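For reference, data.txt is printed below; it contains compact mmCIF, C-alpha atoms.
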# COMPACT_ATOMS: atom_id res chain seq x y z
CA GLU A 1438 -1.44 -12.05 43.68
CA ARG A 1439 -4.54 -12.04 41.51
CA GLU A 1440 -4.74 -8.24 41.57
CA ARG A 1441 -1.10 -8.03 40.48
CA ARG A 1442 -1.77 -10.39 37.53
CA ASP A 1443 -4.81 -8.33 36.51
CA GLU A 1444 -2.78 -5.14 36.68
CA THR A 1445 -0.01 -6.70 34.56
CA ARG A 1446 -2.60 -7.82 31.98
CA ARG A 1447 -4.09 -4.32 31.85
CA ASP A 1448 -0.62 -2.83 31.31
CA GLU A 1449 0.05 -5.25 28.46
CA MET A 1450 -3.30 -4.41 26.84
CA SER A 1451 -2.68 -0.68 27.13
CA ARG A 1452 0.73 -1.04 25.44
CA TRP A 1453 -0.55 -3.19 22.55
CA SER A 1454 -1.02 -1.46 19.18
CA PRO A 1455 -2.40 -2.80 15.89
CA TYR A 1456 0.24 -0.74 14.06
CA ASP A 1457 3.98 -0.95 13.60
CA LEU A 1458 6.38 1.44 11.90
CA ASN A 1459 8.60 -0.51 9.51
CA GLY A 1460 10.64 2.42 8.17
CA GLY A 1461 11.82 3.09 4.64
CA THR A 1462 12.04 6.24 2.53
CA CYS A 1463 10.32 7.10 -0.77
CA ILE A 1464 11.06 9.91 -3.25
CA ALA A 1465 9.21 11.03 -6.40
CA ILE A 1466 10.26 13.75 -8.86
CA GLY A 1467 8.21 14.93 -11.83
CA GLY A 1468 9.98 16.59 -14.76
CA GLU A 1469 9.24 17.68 -18.31
CA GLY A 1470 8.83 14.36 -20.10
CA TYR A 1471 9.82 12.02 -17.24
CA CYS A 1472 8.98 10.95 -13.71
CA ILE A 1473 11.28 9.26 -11.19
CA VAL A 1474 10.04 7.16 -8.26
CA ALA A 1475 12.50 5.62 -5.81
CA ALA A 1476 12.23 3.76 -2.50
CA SER A 1477 14.58 1.93 -0.17
CA THR A 1478 14.19 -1.84 0.30
CA ARG A 1479 15.02 -2.27 4.01
CA LEU A 1480 12.14 -3.47 6.22
CA SER A 1481 12.72 -2.96 9.96
CA THR A 1482 11.00 -3.04 13.30
CA GLY A 1483 12.61 -1.40 16.30
CA PHE A 1484 16.34 -2.12 16.05
CA SER A 1485 15.88 -5.30 13.97
CA ILE A 1486 16.10 -5.66 10.18
CA LEU A 1487 13.37 -8.05 8.98
CA THR A 1488 14.49 -8.17 5.35
CA ALA A 1489 16.84 -6.25 3.08
CA ASP A 1490 14.81 -6.83 -0.09
CA LYS A 1491 11.22 -5.59 0.33
CA SER A 1492 9.79 -3.47 -2.49
CA MET A 1493 7.69 -0.48 -1.39
CA ILE A 1494 6.58 0.47 -4.91
CA LEU A 1495 3.42 -0.72 -6.71
CA GLU A 1496 3.64 -0.64 -10.50
CA VAL A 1497 0.03 0.15 -11.44
CA ASN A 1498 0.71 0.50 -15.18
CA ASP A 1499 3.33 2.07 -17.48
CA LYS A 1500 2.09 5.59 -16.60
CA CYS A 1501 1.61 5.34 -12.83
CA LEU A 1502 3.47 4.08 -9.75
CA ILE A 1503 2.61 4.22 -6.04
CA ALA A 1504 5.29 4.27 -3.33
CA SER A 1505 4.27 3.68 0.29
CA ALA A 1506 6.23 3.97 3.53
CA GLY A 1507 5.01 3.08 7.02
CA PHE A 1508 3.41 -0.16 8.28
CA ASP A 1509 4.11 -3.08 5.93
CA GLY A 1510 0.87 -4.94 6.72
CA ASP A 1511 -1.27 -1.95 5.77
CA ARG A 1512 0.91 -1.25 2.73
CA SER A 1513 0.38 -4.80 1.43
CA GLN A 1514 -3.38 -4.58 1.94
CA LEU A 1515 -3.60 -1.12 0.36
CA HIS A 1516 -1.62 -2.24 -2.70
CA LYS A 1517 -3.91 -5.28 -3.10
CA VAL A 1518 -7.00 -3.05 -3.00
CA LEU A 1519 -5.53 -0.58 -5.50
CA THR A 1520 -4.43 -3.37 -7.85
CA PHE A 1521 -7.93 -4.88 -7.83
CA ARG A 1522 -9.62 -1.54 -8.45
CA SER A 1523 -7.25 -0.50 -11.22
CA GLU A 1524 -7.70 -3.85 -12.98
CA ASN A 1525 -11.47 -3.52 -12.58
CA TYR A 1526 -11.30 -0.03 -14.13
CA GLU A 1527 -9.23 -1.33 -17.04
CA HIS A 1528 -11.69 -4.17 -17.62
CA PHE A 1529 -14.74 -1.89 -17.81
CA HIS A 1530 -13.19 1.11 -19.60
CA LYS A 1531 -10.84 -0.78 -21.97
CA LYS A 1532 -7.92 1.47 -21.06
CA PRO A 1533 -5.46 1.74 -18.16
CA MET A 1534 -6.18 4.21 -15.39
CA SER A 1535 -4.39 7.55 -15.78
CA CYS A 1536 -2.13 8.86 -13.04
CA PRO A 1537 -4.48 11.74 -12.02
CA ALA A 1538 -7.40 9.28 -11.84
CA MET A 1539 -5.38 6.85 -9.72
CA ALA A 1540 -4.32 9.74 -7.47
CA GLN A 1541 -7.97 10.59 -6.79
CA MET A 1542 -8.88 6.95 -6.19
CA LEU A 1543 -6.00 6.53 -3.74
CA GLY A 1544 -7.20 9.61 -1.84
CA ASN A 1545 -10.76 8.22 -1.71
CA THR A 1546 -9.49 4.79 -0.56
CA LEU A 1547 -7.46 6.29 2.29
CA TYR A 1548 -10.28 8.63 3.36
CA TYR A 1549 -12.78 5.76 3.45
CA LYS A 1550 -10.61 4.15 6.17
CA ARG A 1551 -10.10 7.38 8.13
CA PHE A 1552 -11.54 6.00 11.42
CA PHE A 1553 -9.10 3.06 11.40
CA PRO A 1554 -6.61 4.32 8.81
CA TYR A 1555 -4.04 2.54 6.73
CA TYR A 1556 -0.82 3.49 8.54
CA THR A 1557 0.95 4.32 5.30
CA PHE A 1558 2.38 7.51 3.85
CA ASN A 1559 2.05 7.46 0.10
CA LEU A 1560 3.28 9.02 -3.12
CA CYS A 1561 1.40 8.55 -6.38
CA ALA A 1562 3.56 9.52 -9.35
CA GLY A 1563 3.65 9.06 -13.10
CA LEU A 1564 2.90 10.85 -16.36
CA ASP A 1565 -0.16 12.98 -17.06
CA ASP A 1566 -2.04 13.31 -20.36
CA GLN A 1567 0.54 15.81 -21.66
CA GLY A 1568 3.46 13.48 -20.91
CA ARG A 1569 4.66 15.63 -17.99
CA GLY A 1570 5.73 14.10 -14.71
CA CYS A 1571 3.12 14.44 -11.96
CA VAL A 1572 3.59 13.74 -8.24
CA TYR A 1573 0.85 13.56 -5.60
CA THR A 1574 1.75 13.46 -1.92
CA TYR A 1575 -0.59 12.18 0.84
CA ASP A 1576 -1.13 12.03 4.55
CA ALA A 1577 -2.49 8.86 6.20
CA ILE A 1578 -6.18 9.73 5.64
CA GLY A 1579 -6.08 10.77 2.00
CA SER A 1580 -5.51 14.53 1.97
CA HIS A 1581 -3.32 15.14 -1.08
CA GLU A 1582 -1.95 17.73 -3.48
CA ARG A 1583 -0.05 17.76 -6.75
CA VAL A 1584 3.56 18.89 -6.37
CA GLY A 1585 6.75 18.87 -8.42
CA TYR A 1586 8.55 16.52 -6.03
CA SER A 1587 8.05 14.98 -2.62
CA CYS A 1588 9.31 12.36 -0.19
CA GLN A 1589 7.78 10.22 2.56
CA GLY A 1590 9.00 7.86 5.25
CA SER A 1591 11.55 7.66 8.03
CA GLY A 1592 14.20 9.65 6.11
CA LYS A 1593 11.86 12.46 5.10
CA ASP A 1594 13.38 15.07 7.41
CA LEU A 1595 16.83 14.36 5.95
CA VAL A 1596 15.83 14.15 2.28
CA GLN A 1597 13.32 17.01 1.93
CA PRO A 1598 15.88 19.82 2.49
CA VAL A 1599 18.12 18.30 -0.21
CA LEU A 1600 15.22 18.23 -2.68
CA ASP A 1601 14.16 21.78 -1.78
CA ASN A 1602 17.70 23.02 -2.35
CA GLN A 1603 18.26 21.24 -5.66
CA LEU A 1604 14.82 21.30 -7.33
CA LYS A 1605 13.23 24.62 -6.32
CA ALA A 1606 9.71 23.83 -7.53
CA PRO A 1607 7.41 26.89 -7.85
CA SER A 1608 5.20 27.83 -4.91
CA ILE A 1609 1.49 27.05 -5.25
CA LEU A 1610 0.83 30.59 -3.94
CA GLU A 1611 2.46 32.29 -6.96
CA LEU A 1612 0.18 34.00 -9.47
CA PRO A 1613 -0.21 33.22 -12.27
CA PRO A 1614 0.22 29.54 -11.28
CA LYS A 1615 3.17 27.70 -12.79
CA VAL A 1616 3.48 24.09 -13.87
CA ALA A 1617 4.67 21.97 -10.93
CA VAL A 1618 7.56 20.20 -12.67
CA THR A 1619 11.25 20.50 -11.97
CA SER A 1620 13.56 22.20 -14.44
CA LEU A 1621 16.31 19.59 -13.99
CA SER A 1622 17.11 17.15 -16.76
CA GLN A 1623 16.33 13.48 -16.26
CA ALA A 1624 19.98 12.59 -15.64
CA GLU A 1625 20.37 15.41 -13.08
CA ALA A 1626 17.20 14.34 -11.25
CA ILE A 1627 18.37 10.71 -11.05
CA GLU A 1628 21.72 11.87 -9.66
CA THR A 1629 19.91 14.03 -7.07
CA VAL A 1630 17.85 11.02 -5.95
CA LYS A 1631 21.00 8.89 -5.55
CA ILE A 1632 22.76 11.61 -3.53
CA ALA A 1633 19.71 12.08 -1.28
CA PHE A 1634 19.42 8.36 -0.52
CA SER A 1635 23.15 7.99 0.08
CA ALA A 1636 23.01 10.84 2.60
CA ALA A 1637 19.88 9.49 4.32
CA SER A 1638 21.35 6.00 4.68
CA GLU A 1639 24.28 7.45 6.65
CA ARG A 1640 21.99 8.93 9.31
CA ASP A 1641 18.71 6.98 9.28
CA ILE A 1642 18.94 3.37 10.51
CA TYR A 1643 15.67 2.49 8.72
CA THR A 1644 16.96 3.49 5.26
CA GLY A 1645 19.54 1.22 3.70
CA ASP A 1646 20.52 -1.95 1.82
CA ALA A 1647 19.36 -0.79 -1.62
CA VAL A 1648 17.15 1.64 -3.52
CA GLU A 1649 14.77 0.76 -6.35
CA ILE A 1650 14.70 3.60 -8.89
CA PHE A 1651 11.91 3.60 -11.49
CA ILE A 1652 12.13 6.00 -14.46
CA LEU A 1653 8.92 6.64 -16.43
CA THR A 1654 9.08 8.24 -19.89
CA PRO A 1655 6.55 8.36 -22.75
CA GLU A 1656 9.11 6.81 -25.14
CA HIS A 1657 10.44 3.91 -23.05
CA GLY A 1658 7.71 3.24 -20.49
CA VAL A 1659 9.00 2.04 -17.12
CA GLN A 1660 12.71 1.40 -16.57
CA LYS A 1661 14.21 0.18 -13.32
CA GLU A 1662 17.65 0.30 -11.75
CA ILE A 1663 19.02 -0.67 -8.33
CA LEU A 1664 21.37 1.49 -6.25
CA PRO A 1665 23.18 -0.42 -3.45
CA LEU A 1666 23.38 1.38 -0.08
CA ARG A 1667 25.22 0.59 3.14
CA ARG A 1668 24.05 -2.71 4.62
CA ASP A 1669 24.73 -2.12 8.33
Using structure tokens, write down the structure from this file.
Amino acid sequence: ERERRDETRRDEMSRWSPYDLNGGTCIAIGGEGYCIVAASTRLSTGFSILTADKSMILEVNDKCLIASAGFDGDRSQLHKVLTFRSENYEHFHKKPMSCPAMAQMLGNTLYYKRFFPYYTFNLCAGLDDQGRGCVYTYDAIGSHERVGYSCQGSGKDLVQPVLDNQLKAPSILELPPKVAVTSLSQAEAIETVKIAFSAASERDIYTGDAVEIFILTPEHGVQKEILPLRRD
């Protein structure tokens, strides 16, 4: 009897994990004079919906946003760390952190935790010094690159082909190198994001309820709109 209890305890310990995958999908698109960042608001675990109204986007300042999919506990901690460090930077330098600077700091923060990583998959997006949209995509331990558009999360495999078909950003292998921004207008890019999320919500049980869409422009700063999705 005692051996059976010990074996059961060992099985439970071997199945335990410090991580959970809470779903959600994030998209970022950088254009000439704008940047769009969008993320679903459903928070799930297994086949249960924990909440329908959980934001996955951190508004760093009016030039930079960070969207994170994955484990909600690690996302909350990561966003707290980034908020503290960006405010510290602003205090010492008397100016808000630029999007490229935040992108590098996010990469360093994730790499620092590489032996027990934040289980998050991030997009850092905003406007660069020229007012162009810039998007940086990451893996869980901080490896990143600047791209014209990207997506992360549970609906990535459904959304990425739509973005590739509609946006056609230049390859990084082309010479001479081209600017990694989409040629679509702001209105067309917003419509593409809405179509992509509507399609993903039909096939991915972890994407749904609503989408937060943030639009960054040099003239109007950060604007936000909500797109309702299916709630089942």
Inset, instruction - Quick one: everything within 9 Å of A:Ala1637, counting all atoms listed in the file, minus sequence neighbours fewer than 3 positions away in the same chain. Send it as a list in words. - result: Thr1462, Gly1592, Lys1593, Leu1595, Val1596, Ile1632, Ala1633, Phe1634, Arg1640, Asp1641, Ile1642, Thr1644 and Gly1645 of chain A
Legend entry - Surrounding residues of A:Leu1604 excluding itself and chain neighbours under 3 positions, 6 Å, only C-alpha atoms, as JSON, numbers by chain: {"A": [1600, 1601, 1619]}
Could you name the residues that touch A:Gly1510 at 9 Å or less, counting all atoms listed in the file, but leaving out those on the same chain fewer than 6 positions away, as a CSV table (one decimal) with C-alpha atoms, in the frame of the given file?
chain,number,residue,atom,x,y,z
A,1456,TYR,CA,0.2,-0.7,14.1
A,1457,ASP,CA,4.0,-1.0,13.6
A,1555,TYR,CA,-4.0,2.5,6.7
A,1556,TYR,CA,-0.8,3.5,8.5
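Closest to A:Cys1463 among A:Glu1662, A:Asp1669, A:Asp1566, A:Glu1649 is A:Glu1649, based on all atoms listed in the file.
Nearest residue to A:Leu1519 among A:Gly1544, A:Pro1537, A:Gly1507, A:Gly1590 is A:Gly1544, counting all atoms listed in the file.
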Inset, instruction - Enter the distance from atom CA of A:Ser1587 to atom CA of A:Phe1558, in Å, rounded to one decimal. - result: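 Going from atom CA of A:Ser1587 over to atom CA of A:Phe1558, I get 11.4 Å.
Going from atom CA of A:Pro1665 over to atom CA of A:Gly1468, you cover 24.3 Å.
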Inset, instruction - For atom CA of A:Val1518 and atom CA of A:Leu1495, determine how far apart the two atoms are, in Å to one decimal place. - result: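 One can read the atom CA of A:Val1518 to atom CA of A:Leu1495 distance as 11.3 Å.
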Legend entry - Best match for closeness to A:Cys1472 among A:Gly1568, A:Gly1563, A:Pro1613, A:Gly1579, counting all atoms listed in the file: A:Gly1563
Legend entry - Spatial neighbours of A:Gly1483, max dist 10 Å, all atoms listed in the file, sep filter under 4 positions, as a ChimeraX atom specification: /A:1457-1460,1487,1642-1643
Inset, instruction - Please identify all polymer residues within 10 Å of A:Met1534, counting only C-alpha atoms, omitting same-chain residues fewer than 2 positions from it, and present them as JSON, numbers by chain. - result: {"A": [1497, 1498, 1499, 1500, 1501, 1522, 1523, 1524, 1525, 1526, 1527, 1530, 1531, 1532, 1536, 1537, 1538, 1539, 1540, 1542]}
Take the residues that were just selected and, keeping C-alpha atoms, output them as a PDB file, keeping the file's coordinate frame.
ATOM      1  CA  VAL A1497       0.030   0.150 -11.440  1.00  0.00           C
ATOM      2  CA  ASN A1498       0.710   0.500 -15.180  1.00  0.00           C
ATOM      3  CA  ASP A1499       3.330   2.070 -17.480  1.00  0.00           C
ATOM      4  CA  LYS A1500       2.090   5.590 -16.600  1.00  0.00           C
ATOM      5  CA  CYS A1501       1.610   5.340 -12.830  1.00  0.00           C
ATOM      6  CA  ARG A1522      -9.620  -1.540  -8.450  1.00  0.00           C
ATOM      7  CA  SER A1523      -7.250  -0.500 -11.220  1.00  0.00           C
ATOM      8  CA  GLU A1524      -7.700  -3.850 -12.980  1.00  0.00           C
ATOM      9  CA  ASN A1525     -11.470  -3.520 -12.580  1.00  0.00           C
ATOM     10  CA  TYR A1526     -11.300  -0.030 -14.130  1.00  0.00           C
ATOM     11  CA  GLU A1527      -9.230  -1.330 -17.040  1.00  0.00           C
ATOM     12  CA  HIS A1530     -13.190   1.110 -19.600  1.00  0.00           C
ATOM     13  CA  LYS A1531     -10.840  -0.780 -21.970  1.00  0.00           C
ATOM     14  CA  LYS A1532      -7.920   1.470 -21.060  1.00  0.00           C
ATOM     15  CA  CYS A1536      -2.130   8.860 -13.040  1.00  0.00           C
ATOM     16  CA  PRO A1537      -4.480  11.740 -12.020  1.00  0.00           C
ATOM     17  CA  ALA A1538      -7.400   9.280 -11.840  1.00  0.00           C
ATOM     18  CA  MET A1539      -5.380   6.850  -9.720  1.00  0.00           C
ATOM     19  CA  ALA A1540      -4.320   9.740  -7.470  1.00  0.00           C
ATOM     20  CA  MET A1542      -8.880   6.950  -6.190  1.00  0.00           C
TER      21      MET A1542
END
